[in-house]
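**Student:** Let me begin by handing over the structure; questions about it come next.
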2 protein chains.
Amino acid sequence: MADDEFTIIDRYFSAIGWQSDHVALGPGDDCAVLRVPDGFELCVSTDTLVSGVHFPKDCSGDMVARRSFAAAVSDLAAMGASPYSFTGALTLPGIDHGWLSKFSEELSRLSVDFEIPLVGGNLSRGPLTLTFTVMGLVPSGQALKRSGANVGEDVYVTGYPGDAGAGLLLLEEAEGRFPSLLDAYQSPQPRIEVGEQLRLIASAVIDVSDGLLADLRHLTDSSEVGAKVDVNRIPVSAEMLLFASPDEALSLALTAGDDYELCFSANTSSRGQIEKLAVSTSVLITRIGSIVKTPGIALSGEGAGALDIESTGYQHF
Amino acid sequence: MADDEFTIIDRYFSAIGWQSDHVALGPGDDCAVLRVPDGFELCVSTDTLVSGVHFPKDCSGDMVARRSFAAAVSDLAAMGASPYSFTGALTLPGIDHGWLSKFSEELSRLSVDFEIPLVGGNLSRGPLTLTFTVMGLVPSGQALKRSGANVGEDVYVTGYPGDAGAGLLLLEEAEGRFPSLLDAYQSPQPRIEVGEQLRLIASAVIDVSDGLLADLRHLTDSSEVGAKVDVNRIPVSAEMLLFASPDEALSLALTAGDDYELCFSANTSSRGQIEKLAVSTSVLITRIGSIVKTPGIALSGEGAGALDIESTGYQHF
């Protein structure tokens with residue numbers, strides 16, 4: 001009975017990370033009890049990652065923690081929400097203490113880094129699967145939806161989309177030469193601070209999980225507009241230029257998922273503010289196109305015609 | 001591409017059940033956005049059910065929906081919380097439209113019955129697993145914890161614990177003679193109304209998911225007390241008396257899980273109120289023992305000595 005559910009939870013998950021005043025009752029009862037301050041709304045999102053589908057089988061515990069956490073917390077960033085609390089449901093085929101140690105240590109570190117307390121969880125036996133439900137707070141009425149983009153606005157993306165996709169290829173080939181590409185896949189950085197700062201600037205925001213074109217398409221469809229993207233404006237990292245040909249780099253940037261960067265629209269009058277935001281958060285923010293009336297995504301710029309843009313993102317089924 | 005994630009979500013999950021004024025933004029964006037009324041706290045719980053572990057393989061979609069929903073919502077009942085919203089993360093090995101139809105229809109019905117909107121979700125490919133995260137509201141400070149029991153108080157249980165355990169045995173034997181026992185397993189009833197009414201009556205509450213003795217032990221351990229249970233007071237249903245010998249019936253009642261009844265402690269001065277509550281909610285509520293100083297659960301009454309009480313509940317690992 002040494003490895004029953006309660007022993008494992010006590011050993012690996014009872015002292016995880018960040019503590020917060022808004023937690024009236026933490027894990028260990030039938031529910032956690034949380035205080036929501038007046039004047040704020042609650043943002044909620046659920047994400048599941050399945051071994052062999054969303055991350056390679058035999059993935060280390062710390063990498064599973066990082067990628068799952070980033071996928072979930074990135075949805076808060078995309079609403080402009082500040083991290084508030086999260087729950088984790090972990091299904092494991094058996095008890096691997098080495099794996100669990102790495103997983104829980106990394107989760108604890110992330111919880112502290114993002115100041116988000118783990119308020120509940122579930123541990124089950126079964127195929128390796130992890131579901132995080134994240135909660136965030138936004139001042140009432142300020143949540144950044146996908147549906148607010150207007151014709152004539154600029155389109156931006158943070159970071160270097162495609163780097164994580166290249167990292168996944170490198171990982172599959174056990175190729176360690178491009179550390180920043182590998183890092184983009186293994187340790188994606190949810191853009192919480194950028195999201196918070198965009199609350200009163202952006203008109204619509206989405207995070208890039210399925211691929212830049214696919215996710216921008218979700219944004220424009222929700223907003224009942226289209227977008228024109230200048231492929232020559234897509235940012236390409238130094239390592240990506242060494243790793244791939246210009247065409248391959250562009251294809252990865254437009255269609256590979258897993259980056260958890262933010263893509264957003266904003267009025268052209270906000271260009272100055274957004275430049276300052278890039279400086280104050282030390283996050284690259286690049287203007288890549290504009291919102292247009294015609295639905296769908298049109299590509300412009302040199303090389304755009306040669307691209308196969310049918311493969312617009314990860315298909316879940 | 002007809003069966004991609006977005007098509008499936010649109011077809012089966014976009015119009016599920018209950019709509020609520022507190023949902024500022026429903027499913028379809030990166031997060032749902034929810035309003036929490038002033039003066040309330042938020043209760044949150046996550047539960048995962050795995051095919052072949054928590055329910056039989058080849059379980060129908062409607063039964064998976066019912067049992068998973070009950071397991072999750074029952075945690076709200078155990079806090080005295082009123083249903084507020086929930087998210088669902090479904091991992092499926094492939095698309096079975098018959099199964100999905102039954103699952104989503106049943107989930108929609110439950111959402112309406114319990115007045116709880118589905119505000120978000122996730123659909124992945126992988127082994128059949130379902131994680132619900134439920135949120136409920138309680139007036140600030142009134143959440144019913146496990147830790148409030150005091151020496152001298154009464155111990156109660158709702159319904160007929162053990163009936164669901166008997167139903168599972170019947171299901172495994174494809175035996176259809178005992179409809180109310182089968183129903184107890186297939187359609188457990190979270191005791192939301194009883195939980196809400198207990199807010200100002202009970203001192204500690206837990207729901208019975210692992211077995212009556214195991215869960216009462218969680219309650220007494222949290223409260224740093226013990227309990228004495230009179231086995232002759234344990235309620236036994238009419239069908240259970242036909243299905244099992246008295247000893248078998250008692251063993252199921254004390255140790256089988258899956259009932260999602262409530263077990264709680266209350267001051268002896270509340271007996272009249274609790275009798276009225278049983279009448280007003282039409283739920284059987286039985287006084288089965290009392291809180292004592294000595295840690296652990298002691299059994300009294302005829303036949304108590306012969307019971308094997310080592311097997312106190314479902315072990316998750």
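Lettering and numbering for the structure tokens are positional, with chains as A, B, ... in the shown order, residues counted from 1 in each chain, and ligands counted from 1 in the shown order.
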Based on only C-alpha atoms, which of the residues in chain B come within 6 Å of chain A? I want them as a PyMOL selection string.
**Tutor:** chain B and resi 4-5+30-35+41-47+75+121-122+316-317
**Student:** Restricting it to C-alpha atoms, dump the selection as a PDB file, in the first residue's frame.
**Tutor:**
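Dumped everything to again34.pdb:
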ATOM      1  CA  ASP B   4     -11.283  16.917 -37.177  1.00  0.00           C
ATOM      2  CA  GLU B   5     -11.434  18.291 -33.643  1.00  0.00           C
ATOM      3  CA  ASP B  30      -8.944  30.530 -25.598  1.00  0.00           C
ATOM      4  CA  CYS B  31     -10.761  30.668 -22.256  1.00  0.00           C
ATOM      5  CA  ALA B  32     -14.307  30.969 -21.021  1.00  0.00           C
ATOM      6  CA  VAL B  33     -14.972  34.171 -19.045  1.00  0.00           C
ATOM      7  CA  LEU B  34     -17.144  33.879 -15.929  1.00  0.00           C
ATOM      8  CA  ARG B  35     -18.652  36.353 -13.487  1.00  0.00           C
ATOM      9  CA  GLU B  41     -16.402  31.817  -2.966  1.00  0.00           C
ATOM     10  CA  LEU B  42     -15.512  29.454  -5.781  1.00  0.00           C
ATOM     11  CA  CYS B  43     -15.221  25.708  -5.181  1.00  0.00           C
ATOM     12  CA  VAL B  44     -13.145  23.765  -7.736  1.00  0.00           C
ATOM     13  CA  SER B  45     -12.524  20.052  -8.199  1.00  0.00           C
ATOM     14  CA  THR B  46     -11.067  17.817 -10.928  1.00  0.00           C
ATOM     15  CA  ASP B  47     -11.874  14.143 -11.536  1.00  0.00           C
ATOM     16  CA  ASP B  75     -17.540  16.935  -4.935  1.00  0.00           C
ATOM     17  CA  GLY B 121     -13.345  21.575 -23.168  1.00  0.00           C
ATOM     18  CA  ASN B 122     -10.676  19.667 -24.955  1.00  0.00           C
ATOM     19  CA  HIS B 316      -6.221   3.954  -6.755  1.00  0.00           C
ATOM     20  CA  PHE B 317      -2.743   2.499  -7.175  1.00  0.00           C
TER      21      PHE B 317
END
**Student:** What lies within 8 Å of segment 226-239 of chain B using only C-alpha atoms, ignoring chain neighbours under 3 positions off, as a VMD selection string?
**Tutor:** chain B and resid 155 159 to 161 163 178 180 to 181 216 to 217 220 to 221 242 to 243 249 to 250 253 286 to 304
**Student:** The selected residues should be written to file as a PDB file, in the first residue's frame (atoms: C-alpha atoms).
**Tutor:**
ATOM      1  CA  VAL B 155     -22.587  10.788  11.943  1.00  0.00           C
ATOM      2  CA  GLY B 159     -29.138   6.984   0.559  1.00  0.00           C
ATOM      3  CA  TYR B 160     -28.129   3.311   0.531  1.00  0.00           C
ATOM      4  CA  PRO B 161     -24.335   2.989   0.410  1.00  0.00           C
ATOM      5  CA  ASP B 163     -26.088  -0.360  -3.798  1.00  0.00           C
ATOM      6  CA  PHE B 178     -32.215  -5.788  -9.739  1.00  0.00           C
ATOM      7  CA  SER B 180     -32.500  -0.169  -8.554  1.00  0.00           C
ATOM      8  CA  LEU B 181     -29.053  -1.638  -7.767  1.00  0.00           C
ATOM      9  CA  LEU B 216     -15.530   8.530   6.878  1.00  0.00           C
ATOM     10  CA  ARG B 217     -11.923   7.831   7.865  1.00  0.00           C
ATOM     11  CA  THR B 220     -12.274  11.915  10.910  1.00  0.00           C
ATOM     12  CA  ASP B 221      -8.547  12.077  10.100  1.00  0.00           C
ATOM     13  CA  LEU B 242     -32.856  -9.895  -2.048  1.00  0.00           C
ATOM     14  CA  PHE B 243     -29.480  -9.711  -3.817  1.00  0.00           C
ATOM     15  CA  ALA B 249     -24.886  -6.490   2.145  1.00  0.00           C
ATOM     16  CA  LEU B 250     -23.172  -4.920   5.149  1.00  0.00           C
ATOM     17  CA  ALA B 253     -22.354  -0.903   2.307  1.00  0.00           C
ATOM     18  CA  THR B 286     -29.674   7.925   8.343  1.00  0.00           C
ATOM     19  CA  ARG B 287     -27.847   8.516  11.612  1.00  0.00           C
ATOM     20  CA  ILE B 288     -25.271   5.720  11.764  1.00  0.00           C
ATOM     21  CA  GLY B 289     -22.940   6.621  14.609  1.00  0.00           C
ATOM     22  CA  SER B 290     -21.076   9.311  16.448  1.00  0.00           C
ATOM     23  CA  ILE B 291     -17.801  11.191  16.531  1.00  0.00           C
ATOM     24  CA  VAL B 292     -15.407   9.982  19.258  1.00  0.00           C
ATOM     25  CA  LYS B 293     -11.998  11.035  20.512  1.00  0.00           C
ATOM     26  CA  THR B 294     -10.067   7.863  19.570  1.00  0.00           C
ATOM     27  CA  PRO B 295      -8.729   8.076  15.993  1.00  0.00           C
ATOM     28  CA  GLY B 296      -9.948   5.595  13.373  1.00  0.00           C
ATOM     29  CA  ILE B 297     -13.343   4.000  12.833  1.00  0.00           C
ATOM     30  CA  ALA B 298     -14.715   1.574  15.430  1.00  0.00           C
ATOM     31  CA  LEU B 299     -17.632  -0.659  14.492  1.00  0.00           C
ATOM     32  CA  SER B 300     -20.295  -1.638  17.008  1.00  0.00           C
ATOM     33  CA  GLY B 301     -23.514  -3.672  16.840  1.00  0.00           C
ATOM     34  CA  GLU B 302     -24.362  -7.288  16.071  1.00  0.00           C
ATOM     35  CA  GLY B 303     -22.091  -8.839  13.433  1.00  0.00           C
ATOM     36  CA  ALA B 304     -19.470  -6.090  13.655  1.00  0.00           C
TER      37      ALA B 304
END
**Student:** Going by DSSP on the backbone, which residues of segment 32-227 of chain B come out as helix (DSSP H, G or I)? List them as JSON, numbers by chain.
**Tutor:** {"B": [61, 62, 63, 64, 65, 66, 67, 68, 69, 70, 71, 72, 73, 74, 75, 76, 77, 97, 98, 99, 100, 101, 102, 103, 104, 105, 106, 107, 108, 109, 110, 111, 112, 113, 163, 164, 165, 166, 167, 168, 169, 170, 171, 172, 179, 180, 181, 182, 183, 184, 185, 186, 192, 193, 194, 195, 196, 197, 198, 212, 213, 214, 215, 216, 217, 218, 219, 220, 221, 222, 223]}
**Student:** List the neighbours of Ala15 of chain A out to 9 Å using only C-alpha atoms; skip same-chain residues closer than 4 positions along the sequence, and give me the result as a PyMOL selection string.
**Tutor:** chain A and resi 10-11+108
**Student:** Could you give me, as a tab-separated table, a per-residue list for segment 230-289 of chain A showing, wherever an atom lies at most 10 Å from an atom of segment 183-203 of chain A, the closest pair of atoms and their distance in Å to one decimal, using only C-alpha atoms and sorting by chain then residue number from low to high?
**Tutor:**
residue	atom	partner	partner_atom	distance
A:Gly257	CA	A:Tyr185	CA	9.6
A:Asp258	CA	A:Tyr185	CA	6.8
A:Asp259	CA	A:Pro188	CA	6.4
A:Tyr260	CA	A:Pro190	CA	6.1
A:Glu261	CA	A:Arg191	CA	6.6
A:Leu262	CA	A:Arg191	CA	6.9
A:Cys263	CA	A:Ala202	CA	9.9
A:Phe264	CA	A:Ala202	CA	6.5
A:Ser265	CA	A:Ser203	CA	5.5
A:Ala266	CA	A:Ala202	CA	4.6
A:Asn267	CA	A:Ser203	CA	7.4
A:Ser269	CA	A:Ile201	CA	9.7
A:Ser270	CA	A:Ile201	CA	6.8
A:Arg271	CA	A:Ile201	CA	9.7
A:Gln273	CA	A:Ile201	CA	8.0
A:Ile274	CA	A:Ile201	CA	8.0
A:Leu277	CA	A:Val194	CA	7.4
A:Ala278	CA	A:Val194	CA	8.1
A:Ser280	CA	A:Val194	CA	9.4
A:Thr281	CA	A:Val194	CA	6.8
A:Ser282	CA	A:Val194	CA	9.5
A:Val283	CA	A:Val194	CA	7.9
A:Ile285	CA	A:Val194	CA	9.4
**Student:** Restricted to C-alpha atoms, what would the selected residues look like written as a short mmCIF file (atom, residue, chain, number, x, y, z; two decimals), in the first residue's frame?
**Tutor:**
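File written: result.cif
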data_model
loop_
_atom_site.label_atom_id
_atom_site.label_comp_id
_atom_site.auth_asym_id
_atom_site.auth_seq_id
_atom_site.Cartn_x
_atom_site.Cartn_y
_atom_site.Cartn_z
CA GLY A 257 2.37 24.37 -33.86
CA ASP A 258 3.64 24.17 -30.28
CA ASP A 259 5.07 27.70 -30.09
CA TYR A 260 2.58 29.24 -27.64
CA GLU A 261 3.40 32.68 -28.95
CA LEU A 262 0.61 35.29 -29.17
CA CYS A 263 -0.91 36.51 -32.42
CA PHE A 264 -3.03 39.65 -32.16
CA SER A 265 -4.61 42.57 -33.94
CA ALA A 266 -4.41 46.22 -32.90
CA ASN A 267 -5.31 49.62 -34.28
CA SER A 269 -2.54 54.12 -33.79
CA SER A 270 -1.08 51.68 -31.24
CA ARG A 271 2.20 51.02 -33.09
CA GLN A 273 2.73 51.56 -27.64
CA ILE A 274 3.45 48.09 -28.98
CA LEU A 277 5.75 46.98 -24.89
CA ALA A 278 8.28 44.84 -26.79
CA SER A 280 9.59 46.67 -21.57
CA THR A 281 8.83 42.91 -21.70
CA SER A 282 11.97 41.94 -23.68
CA VAL A 283 9.75 39.96 -26.06
CA ILE A 285 6.81 41.59 -31.26
#
**Student:** In Å to one decimal, how far is atom CA of Leu182 of chain B from atom CA of Phe103 of chain B?
**Tutor:**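 Computing the Euclidean distance for atom CA of Phe103 of chain B and atom CA of Leu182 of chain B yields 18.8 Å.
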**Student:** Considering only C-alpha atoms, can you say which of B:Phe55, B:Gly98, B:Tyr84, B:Val151 comes closest to Thr268 of chain B?
**Tutor:** B:Val151
**Student:** Write out as a VMD selection string all residues of segment 36-88 of chain B that DSSP puts in strand (DSSP E or B) for this structure's backbone.
**Tutor:** chain B and resid 40 to 51 55 82 to 88
**Student:** Next, write the just-selected residues to a file, as a compact mmCIF listing (two decimals), in the first residue's frame, keeping C-alpha atoms as the atom set.
**Tutor:**
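In the end it all went to result.txt:
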# COMPACT_ATOMS: atom_id res chain seq x y z
CA PHE B 40 -19.42 34.08 -2.84
CA GLU B 41 -16.40 31.82 -2.97
CA LEU B 42 -15.51 29.45 -5.78
CA CYS B 43 -15.22 25.71 -5.18
CA VAL B 44 -13.14 23.76 -7.74
CA SER B 45 -12.52 20.05 -8.20
CA THR B 46 -11.07 17.82 -10.93
CA ASP B 47 -11.87 14.14 -11.54
CA THR B 48 -10.61 11.73 -14.17
CA LEU B 49 -12.29 8.49 -15.17
CA VAL B 50 -10.32 5.98 -17.25
CA SER B 51 -11.94 3.27 -19.36
CA PHE B 55 -15.86 2.06 -15.68
CA SER B 82 -24.20 25.24 -5.87
CA PRO B 83 -23.26 24.20 -9.43
CA TYR B 84 -21.65 27.09 -11.32
CA SER B 85 -19.86 25.74 -14.40
CA PHE B 86 -17.73 22.86 -15.64
CA THR B 87 -15.18 21.95 -18.30
CA GLY B 88 -14.71 18.56 -19.92
**Student:** So how many Å separate atom CA of Gly61 of chain B and atom CA of Tyr12 of chain B, to one decimal?
**Tutor:**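 According to the coordinates, atom CA of Gly61 of chain B and atom CA of Tyr12 of chain B are separated by 12.2 Å.
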**Student:** Measuring atom to atom with only C-alpha atoms, identify which of A:Val64, A:Ala256, A:Leu169, A:Leu100 is nearest to Ile9 of chain A.
**Tutor:** A:Leu100
